[in-house]
Each structure stands twice: as structure tokens, then as C-alpha cells.
file run.csv (CSV, C-alpha atoms and all ligand atoms)
chain,number,residue,atom,x,y,z
T,1,MET,CA,86.2,88.5,124.8
T,2,SER,CA,89.8,87.6,123.9
T,3,ARG,CA,90.6,86.4,120.4
T,4,GLU,CA,93.6,85.0,118.6
T,5,PHE,CA,93.9,84.6,114.8
T,6,THR,CA,96.4,84.7,112.0
T,7,ILE,CA,96.2,86.7,108.8
T,8,LYS,CA,98.2,85.2,105.9
T,9,VAL,CA,98.8,87.3,102.7
T,10,PRO,CA,100.9,86.1,99.7
T,11,ALA,CA,103.7,87.9,98.0
T,12,SER,CA,103.0,88.8,94.3
T,13,SER,CA,104.7,89.3,91.0
T,14,ALA,CA,103.0,92.1,89.0
T,15,ASN,CA,103.1,92.9,85.2
T,16,ILE,CA,104.4,89.5,83.9
T,17,GLY,CA,106.0,91.4,81.0
T,18,PRO,CA,103.4,93.2,78.9
T,19,GLY,CA,100.7,93.5,81.6
T,20,PHE,CA,101.9,96.7,83.2
T,21,ASP,CA,99.5,97.6,86.1
T,22,VAL,CA,97.2,94.9,84.9
T,23,LEU,CA,98.5,91.3,85.5
T,24,GLY,CA,99.7,89.7,88.7
T,25,VAL,CA,100.2,86.4,90.3
T,26,GLY,CA,100.0,85.5,94.0
T,27,LEU,CA,103.1,83.6,95.2
T,28,ALA,CA,103.3,81.0,97.9
T,29,LEU,CA,105.5,83.1,100.2
T,30,TYR,CA,103.4,84.5,103.0
T,31,LEU,CA,103.4,87.6,105.2
T,32,GLU,CA,101.8,86.5,108.5
T,33,LEU,CA,100.2,88.5,111.2
T,34,LYS,CA,99.7,86.6,114.5
T,35,VAL,CA,97.1,88.7,116.3
T,36,SER,CA,95.7,88.6,119.8
T,37,VAL,CA,93.1,91.0,121.2
T,38,ASN,CA,92.5,91.0,125.0
T,39,PRO,CA,90.2,94.0,125.7
T,40,SER,CA,89.3,92.9,129.2
T,41,PHE,CA,92.9,92.7,130.5
T,42,PRO,CA,94.4,95.8,132.1
T,43,SER,CA,96.4,97.4,129.3
T,44,THR,CA,100.2,97.3,129.5
T,45,ILE,CA,100.5,98.8,126.0
T,46,LYS,CA,102.1,102.3,125.7
T,47,ASP,CA,101.2,102.7,122.0
T,48,PRO,CA,98.7,105.7,121.5
T,49,ASN,CA,96.5,103.5,119.3
T,50,HIS,CA,96.5,100.5,121.7
T,51,CYS,CA,98.5,98.3,119.3
T,52,TYR,CA,101.7,96.5,120.3
T,53,LEU,CA,103.7,95.5,117.2
T,54,SER,CA,106.7,93.1,116.9
T,55,TYR,CA,108.5,92.1,113.7
T,56,ASP,CA,110.5,89.2,112.5
T,57,SER,CA,112.5,88.5,109.3
T,58,GLU,CA,113.0,90.6,106.2
T,59,GLY,CA,114.4,94.1,106.5
T,60,SER,CA,113.4,96.5,109.2
T,61,VAL,CA,110.2,98.4,109.5
T,62,PRO,CA,109.0,101.0,112.1
T,63,LEU,CA,107.0,99.5,115.0
T,64,GLY,CA,104.9,102.6,116.0
T,65,SER,CA,101.3,102.0,115.0
T,66,ASP,CA,101.2,105.4,113.4
T,67,GLU,CA,104.4,104.7,111.4
T,68,ASN,CA,104.1,101.1,110.2
T,69,LEU,CA,102.4,100.5,106.9
T,70,ILE,CA,100.2,97.6,108.1
T,71,THR,CA,98.8,99.4,111.2
T,72,ARG,CA,98.5,102.8,109.4
T,73,THR,CA,96.4,101.0,106.8
T,74,ALA,CA,94.3,99.4,109.6
T,75,LEU,CA,93.8,102.8,111.3
T,76,TYR,CA,92.6,104.3,108.1
T,77,VAL,CA,90.0,101.6,107.8
T,78,LEU,CA,89.0,101.8,111.4
T,79,ARG,CA,88.7,105.6,111.3
T,80,ALA,CA,86.8,105.7,108.0
T,81,CYS,CA,84.3,103.1,109.1
T,82,ALA,CA,83.8,104.6,112.6
T,83,ARG,CA,83.6,108.1,111.0
T,84,ASP,CA,86.0,109.1,113.9
T,85,ALA,CA,89.5,110.5,113.3
T,86,THR,CA,90.6,109.3,116.7
T,87,ALA,CA,89.4,105.7,116.4
T,88,LYS,CA,92.0,103.2,117.7
T,89,PHE,CA,92.5,99.4,117.9
T,90,PRO,CA,90.7,97.5,120.6
T,91,GLU,CA,92.5,97.7,124.0
T,92,ASN,CA,95.4,95.3,124.2
T,93,THR,CA,95.9,94.4,120.6
T,94,HIS,CA,99.1,92.6,119.9
T,95,VAL,CA,100.4,92.0,116.3
T,96,HIS,CA,103.4,89.8,115.7
T,97,VAL,CA,104.5,90.1,112.1
T,98,VAL,CA,106.5,87.4,110.3
T,99,ASN,CA,107.6,88.6,106.9
T,100,PRO,CA,109.6,86.5,104.5
T,101,ILE,CA,108.8,88.9,101.6
T,102,PRO,CA,111.9,91.0,100.8
T,103,LEU,CA,111.2,94.7,100.9
T,104,GLY,CA,111.6,96.9,97.8
T,105,ARG,CA,112.4,94.0,95.5
T,106,GLY,CA,109.3,93.8,93.3
T,107,LEU,CA,107.6,90.9,95.1
T,108,GLY,CA,104.7,93.0,96.4
T,109,SER,CA,105.8,93.5,100.1
T,110,SER,CA,103.9,96.8,100.3
T,111,GLY,CA,100.8,95.3,98.6
T,112,ALA,CA,100.8,92.4,101.1
T,113,ALA,CA,101.3,94.9,104.0
T,114,VAL,CA,98.3,97.0,102.8
T,115,VAL,CA,96.1,93.9,102.3
T,116,ALA,CA,97.1,92.6,105.7
T,117,GLY,CA,96.3,96.0,107.3
T,118,VAL,CA,92.8,96.1,105.8
T,119,MET,CA,92.1,92.5,106.9
T,120,LEU,CA,93.4,93.3,110.3
T,121,ALA,CA,90.9,96.2,110.7
T,122,ASN,CA,88.1,94.1,109.3
T,123,GLU,CA,88.8,91.4,111.8
T,124,VAL,CA,89.4,93.4,115.0
T,125,ALA,CA,86.4,95.7,114.4
T,126,GLY,CA,84.1,92.9,113.1
T,127,LEU,CA,83.4,95.0,110.0
T,128,GLY,CA,82.2,92.0,108.0
T,129,PHE,CA,83.6,93.2,104.6
T,130,ASP,CA,84.1,90.6,101.8
T,131,LYS,CA,87.3,90.6,99.8
T,132,GLN,CA,85.8,92.7,97.0
T,133,ARG,CA,85.0,95.5,99.5
T,134,MET,CA,88.4,95.2,101.2
T,135,LEU,CA,90.0,95.6,97.9
T,136,ASP,CA,88.4,99.1,97.6
T,137,PHE,CA,90.2,100.2,100.8
T,138,CYS,CA,93.5,98.7,99.6
T,139,LEU,CA,93.2,100.6,96.3
T,140,MET,CA,92.9,103.9,98.1
T,141,ILE,CA,96.5,103.3,99.3
T,142,GLU,CA,98.3,101.2,96.6
T,143,ARG,CA,96.6,102.8,93.5
T,144,HIS,CA,97.6,100.3,90.8
T,145,PRO,CA,95.4,97.1,91.1
T,146,ASP,CA,97.8,94.4,89.9
T,147,ASN,CA,99.6,93.2,93.0
T,148,ILE,CA,96.9,94.2,95.5
T,149,THR,CA,94.4,92.0,93.5
T,150,ALA,CA,96.8,89.1,93.2
T,151,ALA,CA,97.6,89.2,97.0
T,152,MET,CA,94.0,89.5,98.1
T,153,MET,CA,92.4,87.1,95.6
T,154,GLY,CA,95.3,84.8,94.8
T,155,GLY,CA,96.1,82.9,91.5
T,156,PHE,CA,96.8,84.6,88.2
T,157,CYS,CA,94.7,87.8,88.0
T,158,GLY,CA,93.9,90.5,85.4
T,159,SER,CA,92.5,93.7,86.8
T,160,TYR,CA,91.4,97.2,86.0
T,161,LEU,CA,90.2,100.3,87.8
T,162,ARG,CA,86.6,101.1,86.7
T,163,ASP,CA,85.4,104.4,85.3
T,164,MET,CA,83.8,106.5,88.0
T,165,SER,CA,81.2,109.2,88.5
T,166,ALA,CA,82.5,112.6,89.3
T,167,GLU,CA,81.4,112.1,92.8
T,168,ASP,CA,83.3,108.8,93.2
T,169,VAL,CA,86.4,110.3,91.6
T,170,LEU,CA,86.4,113.0,94.3
T,171,LEU,CA,86.3,110.3,97.0
T,172,ARG,CA,89.0,108.2,95.3
T,173,ASP,CA,91.5,110.9,94.4
T,174,VAL,CA,92.1,112.2,97.9
T,175,PRO,CA,95.8,112.7,98.6
T,176,LEU,CA,97.5,109.6,100.2
T,177,SER,CA,98.4,111.9,103.2
T,178,GLU,CA,94.7,112.3,103.9
T,179,VAL,CA,94.1,108.5,103.7
T,180,LEU,CA,97.0,107.1,105.8
T,181,PRO,CA,97.4,108.5,109.3
T,182,GLU,CA,100.8,110.1,110.0
T,183,LYS,CA,102.8,110.3,113.2
T,184,LYS,CA,102.1,113.6,114.9
T,185,PRO,CA,103.1,114.8,118.4
T,186,GLU,CA,99.4,115.5,119.1
T,187,PRO,CA,96.4,114.3,117.1
T,188,THR,CA,95.5,117.4,115.1
T,189,SER,CA,93.0,116.2,112.5
T,190,SER,CA,89.4,116.0,113.7
T,191,VAL,CA,88.2,114.9,110.2
T,192,ALA,CA,87.9,111.2,109.7
T,193,PRO,CA,88.9,109.8,106.2
T,194,GLN,CA,85.9,108.8,104.1
T,195,GLU,CA,85.0,105.3,103.1
T,196,PRO,CA,86.1,104.6,99.5
T,197,PRO,CA,83.6,104.2,96.6
T,198,GLN,CA,82.3,100.7,95.9
T,199,ASP,CA,84.0,98.3,93.4
T,200,ILE,CA,86.9,100.5,92.4
T,201,GLY,CA,88.8,97.5,91.1
T,202,ARG,CA,87.4,94.7,88.9
T,203,HIS,CA,89.3,91.5,88.1
T,204,VAL,CA,89.2,88.1,86.6
T,205,LYS,CA,91.2,85.0,87.5
T,206,TYR,CA,92.9,83.2,84.6
T,207,HIS,CA,93.7,79.5,84.4
T,208,TRP,CA,97.4,78.7,85.1
T,209,ASN,CA,99.0,75.4,84.0
T,210,PRO,CA,100.2,74.0,87.4
T,211,ALA,CA,103.4,72.7,85.8
T,212,VAL,CA,104.5,76.3,85.4
T,213,LYS,CA,106.7,77.4,88.4
T,214,CYS,CA,107.9,80.9,89.2
T,215,ILE,CA,111.6,81.4,89.7
T,216,ALA,CA,112.3,84.6,91.6
T,217,ILE,CA,115.9,85.7,91.2
T,218,ILE,CA,116.2,88.4,93.9
T,219,PRO,CA,119.2,90.8,93.7
T,220,GLN,CA,120.4,92.0,97.1
T,221,PHE,CA,119.5,95.7,96.6
T,222,GLU,CA,116.3,97.6,96.8
T,223,VAL,CA,114.4,99.7,94.2
T,224,SER,CA,111.4,101.4,95.6
T,225,THR,CA,108.2,101.1,93.5
T,226,ALA,CA,107.9,104.9,93.7
T,227,SER,CA,111.4,105.5,92.1
T,228,SER,CA,110.8,102.8,89.5
T,229,ARG,CA,107.5,104.5,88.5
T,230,ALA,CA,109.2,107.9,88.4
T,231,VAL,CA,111.3,106.9,85.4
T,232,LEU,CA,108.3,106.0,83.2
T,233,PRO,CA,107.1,108.4,80.6
T,234,ASP,CA,103.7,110.1,80.7
T,235,SER,CA,102.7,109.0,77.2
T,236,TYR,CA,103.7,106.3,74.7
T,237,LEU,CA,104.0,105.7,71.0
T,238,ARG,CA,101.0,103.9,69.5
T,239,ALA,CA,103.2,101.2,68.1
T,240,ASP,CA,104.6,100.4,71.6
T,241,VAL,CA,101.1,100.2,73.2
T,242,ILE,CA,99.9,97.9,70.4
T,243,PHE,CA,103.0,95.8,70.8
T,244,ASN,CA,102.1,95.2,74.5
T,245,LEU,CA,98.4,94.7,73.9
T,246,GLN,CA,99.0,92.1,71.3
T,247,ARG,CA,101.3,90.1,73.6
T,248,LEU,CA,99.0,90.5,76.6
T,249,SER,CA,96.0,89.1,74.7
T,250,VAL,CA,98.0,85.9,73.9
T,251,LEU,CA,99.9,85.5,77.2
T,252,THR,CA,96.9,85.1,79.4
T,253,THR,CA,95.7,82.0,77.6
T,254,ALA,CA,99.1,80.7,76.6
T,255,LEU,CA,100.0,80.3,80.3
T,256,SER,CA,97.0,77.9,80.8
T,257,ALA,CA,97.9,75.6,77.8
T,258,ASN,CA,99.0,72.1,78.5
T,259,PRO,CA,101.7,71.6,77.4
T,260,PRO,CA,102.7,75.2,77.2
T,261,ASP,CA,104.2,76.5,74.0
T,262,ALA,CA,107.5,77.9,75.2
T,263,LYS,CA,108.3,80.0,72.0
T,264,LEU,CA,104.8,81.5,72.2
T,265,VAL,CA,105.0,82.4,75.9
T,266,TYR,CA,108.5,83.8,75.6
T,267,ALA,CA,107.5,86.1,72.8
T,268,ALA,CA,104.3,87.1,74.6
T,269,MET,CA,106.2,88.1,77.7
T,270,GLN,CA,108.1,90.9,75.8
T,271,ASP,CA,107.4,94.5,76.9
T,272,LYS,CA,108.0,98.0,75.6
T,273,ILE,CA,106.3,100.2,78.1
T,274,HIS,CA,108.0,99.7,81.4
T,275,GLN,CA,111.1,97.4,81.4
T,276,PRO,CA,113.2,99.4,78.9
T,277,TYR,CA,112.7,102.6,81.0
T,278,ARG,CA,113.6,100.8,84.2
T,279,ALA,CA,116.9,99.3,82.8
T,280,GLY,CA,118.8,102.3,84.2
T,281,LEU,CA,117.9,101.3,87.7
T,282,ILE,CA,118.8,97.6,87.4
T,283,PRO,CA,122.4,97.0,86.2
T,284,GLY,CA,122.5,94.5,83.3
T,285,LEU,CA,118.7,94.2,83.0
T,286,THR,CA,118.5,94.2,79.2
T,287,GLU,CA,121.3,91.6,78.8
T,288,ILE,CA,119.9,89.4,81.6
T,289,LEU,CA,116.4,89.4,80.1
T,290,SER,CA,117.9,88.2,76.8
T,291,SER,CA,120.4,85.7,78.3
T,292,VAL,CA,118.0,82.9,78.8
T,293,THR,CA,115.6,81.8,76.1
T,294,PRO,CA,113.7,78.5,75.4
T,295,GLU,CA,116.5,77.8,72.9
T,296,THR,CA,119.3,78.2,75.5
T,297,HIS,CA,117.5,76.7,78.5
T,298,THR,CA,115.2,73.7,78.3
T,299,GLY,CA,112.1,74.3,80.4
T,300,LEU,CA,112.2,78.1,80.2
T,301,LEU,CA,108.9,79.7,79.1
T,302,GLY,CA,109.5,83.4,79.7
T,303,ILE,CA,111.4,86.0,81.6
T,304,CYS,CA,110.6,89.5,82.8
T,305,LEU,CA,111.1,92.0,85.6
T,306,SER,CA,108.9,91.2,88.6
T,307,GLY,CA,106.8,94.2,89.5
T,308,ALA,CA,108.8,97.3,89.7
T,309,GLY,CA,112.1,95.3,90.1
T,310,PRO,CA,114.8,94.5,90.7
T,311,THR,CA,113.7,90.9,91.0
T,312,ILE,CA,113.8,88.8,87.8
T,313,LEU,CA,110.8,86.5,87.3
T,314,ALA,CA,111.4,83.4,85.1
T,315,LEU,CA,108.5,81.1,84.3
T,316,ALA,CA,109.6,77.5,83.7
T,317,THR,CA,108.5,73.9,83.9
T,318,GLU,CA,112.0,72.4,84.5
T,319,GLY,CA,115.7,73.4,84.5
T,320,PHE,CA,115.2,75.7,87.5
T,321,ASP,CA,118.9,75.5,88.6
T,322,ALA,CA,120.4,76.1,85.2
T,323,ILE,CA,118.1,79.1,84.6
T,324,SER,CA,118.7,80.7,88.0
T,325,SER,CA,122.5,80.0,87.8
T,326,GLU,CA,122.8,81.8,84.5
T,327,ILE,CA,121.0,84.9,85.9
T,328,THR,CA,122.7,85.0,89.3
T,329,GLY,CA,126.1,84.4,87.6
T,330,ARG,CA,125.5,87.4,85.3
T,331,PHE,CA,124.5,89.7,88.2
T,332,LYS,CA,127.7,88.6,90.1
T,333,ARG,CA,130.2,88.6,87.2
T,334,GLU,CA,129.1,91.8,85.6
T,335,ASN,CA,128.0,94.0,88.5
T,336,ASP,CA,129.2,92.1,91.7
T,337,ILE,CA,125.6,91.8,92.9
T,338,ASP,CA,124.5,88.8,95.0
T,339,CYS,CA,121.1,87.2,94.5
T,340,VAL,CA,118.8,84.9,96.5
T,341,VAL,CA,116.7,82.4,94.5
T,342,LYS,CA,113.2,81.2,95.3
T,343,VAL,CA,111.2,78.7,93.2
T,344,LEU,CA,107.6,79.4,94.1
T,345,GLU,CA,104.2,77.9,93.4
T,346,LEU,CA,101.2,80.1,92.9
T,347,ALA,CA,99.1,81.0,96.0
T,348,HIS,CA,95.7,80.2,94.6
T,349,GLU,CA,93.6,81.2,97.6
T,350,GLY,CA,95.0,84.6,98.2
T,351,ALA,CA,94.7,86.3,101.7
T,352,VAL,CA,93.2,84.3,104.5
T,353,VAL,CA,92.3,84.6,108.2
T,354,GLU,CA,92.7,81.5,110.4
T,355,TYR,CA,91.3,81.3,113.9
T,356,VAL,CA,93.2,79.3,116.5
J,1,LIG,N1,105.5,93.9,106.4
J,1,LIG,C1,105.7,95.2,106.3
J,1,LIG,N2,105.5,96.0,107.3
J,1,LIG,C2,105.7,97.3,107.3
J,1,LIG,N3,106.0,98.0,106.1
J,1,LIG,C3,106.2,97.3,105.1
J,1,LIG,C4,106.0,95.9,105.0
J,1,LIG,N4,106.3,95.4,103.8
J,1,LIG,C5,106.6,96.5,103.1
J,1,LIG,N5,106.5,97.6,103.8
J,1,LIG,C6,106.8,99.0,103.4
J,1,LIG,O1,106.8,99.0,101.9
J,1,LIG,C7,108.1,99.4,101.4
J,1,LIG,C8,108.4,98.7,100.2
J,1,LIG,O2,107.4,99.0,99.2
J,1,LIG,P1,107.7,99.1,97.7
J,1,LIG,O3,108.7,100.1,97.4
J,1,LIG,O4,106.4,99.2,97.0
J,1,LIG,O5,108.4,97.7,97.3
J,1,LIG,P2,107.8,96.2,97.1
J,1,LIG,O6,108.1,95.9,95.7
J,1,LIG,O7,108.5,95.3,98.0
J,1,LIG,O8,106.3,96.3,97.3
J,1,LIG,C9,109.1,99.1,102.6
J,1,LIG,O9,110.2,99.9,102.5
J,1,LIG,C10,108.2,99.4,103.8
J,1,LIG,O10,108.2,100.8,104.0
J,2,LIG,N1,102.6,97.6,88.2
J,2,LIG,C1,103.4,98.1,89.3
J,2,LIG,C2,103.7,96.9,90.2
J,2,LIG,C3,104.6,97.2,91.4
J,2,LIG,O1,104.9,96.0,92.1
J,2,LIG,P1,105.9,96.0,93.3
J,2,LIG,O2,105.9,94.5,93.7
J,2,LIG,O3,107.2,96.4,92.8
J,2,LIG,O4,105.4,96.9,94.3
J,2,LIG,C4,104.7,98.7,88.7
J,2,LIG,O5,105.3,98.0,87.9
J,2,LIG,O6,105.1,99.8,89.1
call {"tool": "encode", "arguments": {"input": "run.csv", "output": "C-alpha cells", "more": "lines below"}}
Ligand SMILES: Nc1ncnc2c1ncn2[C@@H]1O[C@H](COP(=O)(O)OP(=O)(O)O)[C@@H](O)[C@H]1O
Ligand SMILES: N[C@@H](CCOP(=O)(O)O)C(=O)O
result
Amino acid sequence: MSREFTIKVPASSANIGPGFDVLGVGLALYLELKVSVNPSFPSTIKDPNHCYLSYDSEGSVPLGSDENLITRTALYVLRACARDATAKFPENTHVHVVNPIPLGRGLGSSGAAVVAGVMLANEVAGLGFDKQRMLDFCLMIERHPDNITAAMMGGFCGSYLRDMSAEDVLLRDVPLSEVLPEKKPEPTSSVAPQEPPQDIGRHVKYHWNPAVKCIAIIPQFEVSTASSRAVLPDSYLRADVIFNLQRLSVLTTALSANPPDAKLVYAAMQDKIHQPYRAGLIPGLTEILSSVTPETHTGLLGICLSGAGPTILALATEGFDAISSEITGRFKRENDIDCVVKVLELAHEGAVVEYV
């Protein structure tokens, strides 16, 4: 039977200052997959996995199903669930990707791609997984839970990876190369990836004052999440960890207050465990983060690096133009970097599948 459906997955902004690898918000900027499956038609598709991909919008991505992050993720799920290292998409699967999320800017493009890939497999193979179970598959690929959780569940999320039995740790800690299929001249692996342990990630959704908007100031250069994690230290001073924990505990509730207390939120969005180390990758970051405050800009609540950067996230209730102009002006004047600005609402629902 032929089917057509659309998968929509929001962008996300992770960390929100002190919540490194913990906090994330889903943002109303959606990666969309327009999918059609026509197994009864004679196949015209040359792809070895029966999936024809086309791509519109931000950046450029590979279109081979064994090279593209969305379809590699889907193949992992299909193969793990079928216990078959050669499992493919149903014959005649077409996926048209529309992606307004800029790549490598700290707005969760890879998290959205991974969530979309897991949902794609769930839908084409009729696996019937709920979002909690799909999150397990996502976490085998993107191994920090903050933006995956926000993209899948939507809203303002706090998340952690649960403690695991030795047996589950073995299942979870397999190298990424054994999870995601890689392009090979001939299929060589006869071993299917295993299904992940259950409930790897746990989360809660916090309240969010709807008057608070997210201003994303997106510099026109990329910083890969991998390179932005590579500059972080392996261990931290106790004082720095306590600094972040104290602020994190206040921030989650402060963002639901009505009216929000700008001074409290601003102070609670300070961070000592990732932003200072990432400053070397983002010209002018330290000065930019201190250039707008509730005192200098009415309506500003707080400011931080979005995810692994280089996007700057400012939370505000008004004064969006003045806040974004100050930051784009600094990027331009001091480092000749152009920026794109988006004022975004939260995506409260998270990832969805819509049938035509
Ligand atoms: N829609 C997409 N389709 C295919 N690959 C994607 C897509 N979105 C992101 N990616 C992959 O993820 C990479 C960016 O991931 P990452 O460095 O984690 O940055 P981000 O902060 O945008 O998530 C891209 O260079 C690309 O390889
Ligand atoms: N907690 C992670 C979040 C990465 O988010 P992304 O949007 O940059 O992929 C980190 O800070 O490394």
C-alpha cells in the first residue's frame, strides 16, 4: 500500500548557560521530511537501500542513503530491529528534506536529523515505538541528551542519562562506527547492530513563561559540535561545578516566573564549565556575552552560547531589535562576521508525524 506522510522535527538550543549537556529548548524552526513509500510500483531507484533522497535549503549534505545522517540513522534502526545487517527501506521510498536549520551553528541540526531518522524508520517499518523508546535509539548516536530530548519532546527540558547495569553499558558503549552504517563498496558486515537498552535518557519538562522569546544571532561560520567539545577539559574545579549547579537550580524555575526577574535570570545564565573554554573558537564571545545586560537593554533576560556555538542565544520579552543589533554590530565591527537573526518561539510539541 502506498503512503505519504511528513515528519517535522524542531531545532533546539542546548545548555542555556549553566546546563551543559542537561538543558535544552525546542525551537519553532522545523526540519521537514516529506516521505512517500510506493512498494508496489516498479522501482526506478538506484540507491542500494531503496531510498531516494532530495534536499532543499540550508548547507549541503550527502544524498546517498549510506552517507546522509538522516538515512544512516534510519538504517541503523531498521537493521537493529530486523536483526539483519542488510535490511533496507521499503522499495520505492522517496524522502524530500526541507531544512531551515543552519548546519554546525549550535541550533541542533544534527540532533534534529537523528530524531528525524529514527522517526522515519519507525514509520516506514511500522515499528510502533513511542517517543521514549525512540529517544533510546537517538542517544546511541548523539550521546548527550540535551538537544535530542528537546527536539523529540519539545518545550524546555532537563535530561540525564541513567545509571546502567554492566550489561546495558556494554550495549550502550559500542563505537559509533558500529551503530551508523558506513558507505562501503560492498556490504561487508554480516552483524546487525543491537537494539539499545531501554530508557537510557530520562527527562522532565519545565514550565516556560510564554512571554519569553528566543533570539538566535547566527554568525555565518560553522563550528562543529565535535570540535567545540574537543576544547573542553576532562575535569573541573569544585568551585566551578558548584557555580553552575547553583545557577542551574535557580534558572529552571526563574524562566517560568511571571513577570520574569531579569536580574535573577541574567545571573542564573552565567556559566564556568563550557563557554570560557569555547571562547577561542568564537571571536569576541566573552565581550559579546557581556555587552548586553538587563541594565543596558530593556527586555533582556539572559544571554549565552547556543549549544556548542557559534550562535548566541538571547532570551528576552521585548527590545528584540536593539538586542540583536548590538550583537550583530559587534560581530561585524570587531571581526567582520555577518549574522542572521531569528526570533523564535518554543516548539512545545516536539517531533511529529503528519499523514496526508
Ligand atoms: N538535515 C540534515 N541532513 C543530513 N545531515 C545533517 C542534517 N543536519 C545536520 N547534518 C549533519 O550534522 C552536521 C552538523 O552537526 P553538528 O556539528 O553537531 O552541528 P549542529 O550544532 O548544527 O548540530 C552537518 O555538518 C551534517 O553532517
Ligand atoms: N551540550 C552539547 C550541545 C550541542 O548542541 P549543538 O546544537 O551544538 O549540536 C554541547 O554543548 O556540546
call {"tool": "residues_near_ligand", "arguments": {"input": "run.csv", "ligand": "ligand LIG 1 (chain J)", "cutoff": "8 Å", "atoms": "only C-alpha atoms and all ligand atoms", "output": "MDAnalysis selection string"}}
result
chainID T and resid 31 60:62 68:70 97:99 101:113 222:226 307:309
call {"tool": "closest_residue", "arguments": {"input": "run.csv", "among": "T:Pro100, T:Gly350, T:Gly280, T:Gly24", "to": "Asp146 (chain T)", "atoms": "all atoms listed in the file"}}
result
T:Gly24
call {"tool": "closest_residue", "arguments": {"input": "run.csv", "among": "T:Arg330, T:Lys205, T:Arg143, T:Lys46", "to": "ligand LIG 2 (chain J)", "atoms": "all atoms listed in the file"}}
result
T:Arg143
call {"tool": "closest_residue", "arguments": {"input": "run.csv", "among": "T:Leu75, T:Leu161, T:Ala257, T:Leu23", "to": "Asn147 (chain T)", "atoms": "only C-alpha atoms"}}
result
T:Leu23
call {"tool": "residues_around", "arguments": {"input": "run.csv", "residues": "region 188-197 of chain T", "least_positions_apart": "6", "cutoff": "7 Å", "atoms": "only C-alpha atoms", "output": "list in words"}}
result
Tyr76, Arg79, Ala80, Cys81, Arg83, Asp84, Ala85, Asp136, Phe137, Met140, Asp168, Leu171, Arg172, Glu178 and Val179 of chain T
call {"tool": "closest_residue", "arguments": {"input": "run.csv", "among": "T:Ala14, T:Leu127, T:Val241, T:Cys214", "to": "ligand LIG 2 (chain J)", "atoms": "all atoms listed in the file"}}
result
T:Ala14
call {"tool": "residues_around", "arguments": {"input": "run.csv", "residues": "Phe20 (chain T)", "least_positions_apart": "6", "cutoff": "12 Å", "atoms": "all atoms listed in the file", "output": "PyMOL selection string"}}
result
chain T and resi 13-14+144-147+158-160+229+232+241+244-245+247-248+269-275+304-308
call {"tool": "closest_residue", "arguments": {"input": "run.csv", "among": "T:Val118, T:Val22, T:Ala82, T:Ala166", "to": "ligand LIG 2 (chain J)", "atoms": "all atoms listed in the file"}}
result
T:Val22
call {"tool": "closest_residue", "arguments": {"input": "run.csv", "among": "T:Pro90, T:Gly154, T:Gly19, T:Pro10", "to": "ligand LIG 2 (chain J)", "atoms": "only C-alpha atoms and all ligand atoms"}}
result
T:Gly19
call {"tool": "residues_around", "arguments": {"input": "run.csv", "residues": "Gly155 (chain T)", "least_positions_apart": "6", "cutoff": "9 Å", "atoms": "only C-alpha atoms", "output": "JSON, numbers by chain"}}
result
{"T": [24, 25, 26, 27, 205, 206, 207, 208, 346, 347, 348, 349, 350]}
call {"tool": "atom_distance", "arguments": {"input": "run.csv", "atom1": "CA of Ile323 (chain T)", "atom2": "CA of Pro219 (chain T)"}}
result
14.9 Å
call {"tool": "atom_distance", "arguments": {"input": "run.csv", "atom1": "CA of Met1 (chain T)", "atom2": "CA of Val114 (chain T)"}}
result
26.5 Å
call {"tool": "atom_distance", "arguments": {"input": "run.csv", "atom1": "CA of Thr311 (chain T)", "atom2": "CA of Pro260 (chain T)"}}
result
23.6 Å
call {"tool": "residues_around", "arguments": {"input": "run.csv", "residues": "Val231 (chain T)", "least_positions_apart": "4", "cutoff": "7 Å", "atoms": "all atoms listed in the file", "output": "count of residues only"}}
result
3
call {"tool": "residues_around", "arguments": {"input": "run.csv", "residues": "Gly299 (chain T)", "least_positions_apart": "5", "cutoff": "9 Å", "atoms": "all atoms listed in the file", "output": "list in words"}}
result
Ala262, Pro294, Leu315, Ala316, Thr317, Glu318, Gly319, Phe320 and Ile323 of chain T
call {"tool": "residues_near_point", "arguments": {"input": "run.csv", "point": "(85.9, 102.0, 82.9)", "cutoff": "10 Å", "atoms": "only C-alpha atoms", "output": "list in words"}}
result
Tyr160, Leu161, Arg162, Asp163, Met164, Ile200, Gly201 and Arg202 of chain T
